[in-house]
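> Contents of entry29.txt (compact mmCIF, C-alpha atoms):
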```txt
# COMPACT_ATOMS: atom_id res chain seq x y z
CA MET Y 48 54.30 -76.59 -10.41
CA ARG Y 49 50.55 -75.97 -10.22
CA GLN Y 50 50.48 -74.42 -13.68
CA ILE Y 51 52.30 -77.33 -15.32
CA LEU Y 52 51.00 -80.18 -13.21
CA ARG Y 53 47.27 -79.61 -12.96
CA PRO Y 54 45.21 -82.34 -11.26
CA PRO Y 55 44.08 -84.11 -14.48
CA ARG Y 56 47.68 -84.28 -15.69
CA LEU Y 57 48.79 -85.41 -12.24
CA ALA Y 58 46.19 -88.19 -12.35
CA ILE Y 59 47.56 -89.35 -15.70
CA LEU Y 60 51.11 -89.17 -14.38
CA TYR Y 61 50.28 -91.35 -11.38
CA LEU Y 62 48.55 -93.90 -13.63
CA VAL Y 63 51.51 -93.98 -16.04
CA ILE Y 64 53.89 -94.51 -13.11
CA ALA Y 65 51.63 -97.28 -11.79
CA TRP Y 66 51.58 -98.93 -15.21
CA ALA Y 67 55.38 -98.71 -15.52
CA VAL Y 68 55.95 -100.16 -12.05
CA ASP Y 69 53.34 -102.85 -12.65
CA TYR Y 70 54.91 -103.73 -16.00
CA GLY Y 71 58.43 -103.77 -14.53
CA LEU Y 72 57.51 -105.89 -11.53
CA SER Y 73 54.89 -108.07 -13.19
CA SER Y 74 52.71 -107.51 -10.14
CA PRO Y 75 49.98 -110.06 -9.50
CA ALA Y 76 46.39 -108.90 -9.74
CA LEU Y 77 44.61 -108.50 -6.41
CA ILE Y 78 41.15 -108.20 -7.90
CA PRO Y 79 39.73 -111.18 -9.83
CA VAL Y 80 39.54 -110.56 -13.57
CA GLY Y 81 35.81 -111.28 -13.79
CA TYR Y 82 34.95 -108.37 -11.50
CA ARG Y 83 37.50 -105.82 -12.67
CA PHE Y 84 35.85 -104.60 -15.85
CA TRP Y 85 32.36 -103.97 -14.50
CA LEU Y 86 33.48 -102.59 -11.16
CA SER Y 87 35.98 -100.26 -12.81
CA LEU Y 88 33.40 -99.16 -15.37
CA VAL Y 89 30.86 -98.26 -12.67
CA VAL Y 90 33.45 -96.32 -10.63
CA VAL Y 91 34.74 -94.43 -13.69
CA VAL Y 92 31.22 -93.55 -14.85
CA VAL Y 93 30.31 -92.23 -11.38
CA GLY Y 94 33.52 -90.17 -11.38
CA VAL Y 95 32.86 -88.76 -14.86
CA VAL Y 96 29.25 -87.88 -14.01
CA LEU Y 97 30.29 -86.19 -10.75
CA SER Y 98 33.10 -84.25 -12.45
CA TYR Y 99 30.90 -83.17 -15.35
CA HIS Y 100 28.10 -82.11 -13.01
CA THR Y 101 30.44 -79.97 -10.90
CA ILE Y 102 31.89 -78.29 -13.98
CA THR Y 103 28.38 -77.43 -15.20
CA LEU Y 104 27.60 -75.91 -11.79
CA PHE Y 105 30.65 -73.67 -12.13
CA GLU Y 106 29.65 -72.66 -15.65
CA ARG Y 107 26.09 -71.92 -14.54
CA ALA Y 108 27.42 -69.74 -11.70
CA GLY Y 109 29.61 -67.84 -14.17
CA THR Y 110 32.88 -68.81 -12.53
CA THR Y 111 35.84 -70.94 -13.53
CA HIS Y 112 36.88 -74.40 -12.44
CA LYS Y 113 40.49 -73.80 -13.55
CA LEU Y 114 43.23 -73.37 -10.96
CA ALA Y 115 44.57 -70.12 -12.38
CA GLY Y 116 41.16 -68.63 -13.18
CA GLU Y 117 39.31 -65.88 -11.36
CA ASN Y 118 36.71 -67.01 -8.85
CA ALA Y 119 33.60 -64.97 -9.58
CA ALA Y 120 31.20 -66.96 -7.40
CA LEU Y 121 31.30 -69.44 -4.54
CA VAL Y 122 29.56 -72.63 -5.67
CA ILE Y 123 27.84 -74.31 -2.71
CA GLU Y 124 24.97 -76.20 -4.34
CA GLY Y 125 24.61 -79.76 -5.60
CA PRO Y 126 27.41 -82.03 -4.38
CA TYR Y 127 29.12 -78.99 -2.84
CA ARG Y 128 26.55 -79.28 -0.03
CA TRP Y 129 28.34 -82.45 1.17
CA SER Y 130 31.93 -81.93 0.03
CA ARG Y 131 34.03 -78.86 -0.62
CA ASN Y 132 35.91 -80.81 -3.31
CA PRO Y 133 33.51 -82.97 -5.32
CA MET Y 134 35.33 -82.16 -8.56
CA TYR Y 135 38.49 -83.69 -7.09
CA LEU Y 136 36.46 -86.60 -5.72
CA GLY Y 137 35.15 -87.24 -9.22
CA LEU Y 138 38.65 -87.20 -10.66
CA THR Y 139 39.84 -89.49 -7.86
CA LEU Y 140 37.02 -91.92 -8.67
CA ILE Y 141 38.13 -91.96 -12.30
CA VAL Y 142 41.69 -92.78 -11.20
CA LEU Y 143 40.34 -95.42 -8.79
CA GLY Y 144 38.24 -97.00 -11.53
CA ILE Y 145 41.24 -97.26 -13.83
CA ALA Y 146 43.29 -98.62 -10.93
CA ILE Y 147 40.66 -101.28 -10.24
CA TYR Y 148 40.87 -102.34 -13.86
CA GLY Y 149 44.67 -102.58 -13.50
CA GLY Y 150 44.04 -104.62 -10.37
CA SER Y 151 47.57 -104.71 -8.94
CA VAL Y 152 49.17 -103.00 -5.96
CA PRO Y 153 50.94 -100.30 -8.03
CA PHE Y 154 47.66 -99.39 -9.70
CA LEU Y 155 45.74 -99.38 -6.43
CA LEU Y 156 48.34 -97.06 -4.87
CA ALA Y 157 47.81 -94.47 -7.65
CA PRO Y 158 44.47 -93.09 -6.38
CA VAL Y 159 45.84 -93.00 -2.82
CA ALA Y 160 48.90 -91.01 -3.92
CA PHE Y 161 46.69 -88.78 -6.07
CA LEU Y 162 44.28 -88.00 -3.23
CA LEU Y 163 47.13 -87.31 -0.80
CA THR Y 164 48.73 -84.92 -3.29
CA LEU Y 165 45.43 -83.12 -3.76
CA ASN Y 166 44.86 -82.93 -0.02
CA PHE Y 167 48.27 -81.56 0.90
CA ALA Y 168 49.36 -79.59 -2.19
CA PHE Y 169 46.36 -78.35 -4.16
CA VAL Y 170 43.44 -78.03 -1.74
CA PRO Y 171 45.18 -75.84 0.88
CA TRP Y 172 46.33 -73.46 -1.86
CA GLU Y 173 42.80 -73.28 -3.29
CA GLU Y 174 41.26 -72.82 0.15
CA GLY Y 175 43.57 -69.87 0.77
CA ARG Y 176 42.51 -68.29 -2.51
CA LEU Y 177 38.82 -68.82 -1.75
CA GLU Y 178 39.16 -67.38 1.72
CA ALA Y 179 40.99 -64.33 0.35
CA THR Y 180 38.30 -63.84 -2.29
CA PHE Y 181 35.11 -64.64 -0.37
CA GLY Y 182 36.15 -64.04 3.26
CA ASP Y 183 33.44 -64.75 5.83
CA GLU Y 184 31.17 -66.41 3.28
CA TYR Y 185 33.83 -69.03 2.55
CA ARG Y 186 34.77 -69.44 6.22
CA ALA Y 187 31.11 -70.14 7.08
CA TYR Y 188 30.86 -72.61 4.21
CA ARG Y 189 34.08 -74.32 5.33
CA GLN Y 190 32.63 -74.76 8.82
CA ARG Y 191 29.41 -76.30 7.46
CA VAL Y 192 30.87 -78.64 4.85
CA ARG Y 193 33.71 -81.15 5.17
CA ARG Y 194 36.74 -81.04 2.91
CA TRP Y 195 36.08 -84.47 1.42
CA LEU Y 196 32.99 -86.31 2.70
```
Write the structure described by the file as structure tokens, please.

Amino acid sequence: MRQILRPPRLAILYLVIAWAVDYGLSSPALIPVGYRFWLSLVVVVVGVVLSYHTITLFERAGTTHKLAGENAALVIEGPYRWSRNPMYLGLTLIVLGIAIYGGSVPFLLAPVAFLLTLNFAFVPWEEGRLEATFGDEYRAYRQRVRRWL
């Protein structure tokens, strides 16, 4: 599952499901139209910047950000000082921004479902890999820094 359904693809899947449900139910918008575009744009841009920044940190450290890749270094700088998963937070913000633009309940449930899937399916698996690779260094980092915020 993790090889086929990577987090970016999962994000797209949840948004497509939200769109299909929204289209099928003709759900009313919860967020006024006048605010949706600008609010969604700001949230998406913050998510893109955060995601891009975390990827550059991984590249600078000479390690991979891909699920199946080899972890050559433990990245603990930048936004990793406050969250162990800022790359996922960035992707969640992108999904949230798109959901805000959609404005209806099905769209607004997409980032919640996405974050829950990350939290219970992907993150524990990654944490196990990091602990196996980095041992005490990762355990100390995990004690200092929260999983999300």
> So that I can see what lies close to stretch 67-83 of chain Y, please list as an MDAnalysis selection string the residues with an atom at most 7 Å from it, counting all atoms listed in the file and leaving out residues fewer than 3 positions away in the same chain.
chainID Y and resid 63:64 86:87 147:148 150:151 153
> Fewer than 6 positions away in the same chain doesn't count, so skip those; otherwise give me all residues within 8 Å of stretch 136-139 of chain Y, counting all atoms listed in the file, as a ChimeraX atom specification.
/Y:55,58,93-98,158,161-162,195
> From the set Y:Val192, Y:Leu155, Y:Leu52, Y:Ile145, which residue has the shortest atom-to-atom contact distance to Y:Pro126, counting all atoms listed in the file?
Y:Val192
> Could you state the separation of atom CA of Y:Leu196 and atom CA of Y:Thr111 in Å, given to one decimal place?
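If I compute the distance from atom CA of Y:Leu196 to atom CA of Y:Thr111, I get 22.5 Å.
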> Report, in Å with one decimal, the straight-line distance from atom CA of Y:Gly175 to atom CA of Y:Leu140.
24.9 Å
> Give me, please, the distance in Å between atom CA of Y:Pro133 and atom CA of Y:Trp85, quoted to one decimal.
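Taking atom CA of Y:Pro133 as the start and atom CA of Y:Trp85 as the end point, the length is 22.9 Å.
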> Please identify all polymer residues within 9 Å of stretch 183-187 of chain Y, counting only C-alpha atoms, omitting same-chain residues fewer than 5 positions from it, and present them as a ChimeraX atom specification.
/Y:121,174,177-178,192
> Between Y:Phe167, Y:Phe105, Y:Tyr61, Y:Tyr188, single out the one closest to Y:Leu143, counting only C-alpha atoms.
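When distances to Y:Leu143 are compared using only C-alpha atoms, the smallest one comes from Y:Tyr61.
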> Ranking Y:Arg131, Y:Leu62, Y:Ala179, Y:Ile141 by minimum distance to Y:Tyr99 and counting all atoms listed in the file, which one comes first?
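That would be Y:Ile141, the residue with the smallest distance to Y:Tyr99.
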> Which is closest to Y:Phe181 among Y:Ala120, Y:Ala146, Y:Leu165, Y:Ala160, if we use all atoms listed in the file?
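Smallest distance to Y:Phe181 is found for Y:Ala120.
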> Nearest to Y:Leu156 among Y:Val142, Y:Arg191, Y:Leu114, Y:Glu124, with distances taken over all atoms listed in the file: which residue is it?
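So, comparing all the options, the nearest one is Y:Val142.
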> From the options Y:Ala168, Y:Gly149, Y:Gln190, Y:Ile123, which residue's atoms come nearest to Y:Phe84, counting only C-alpha atoms?
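Closest candidate: Y:Gly149.
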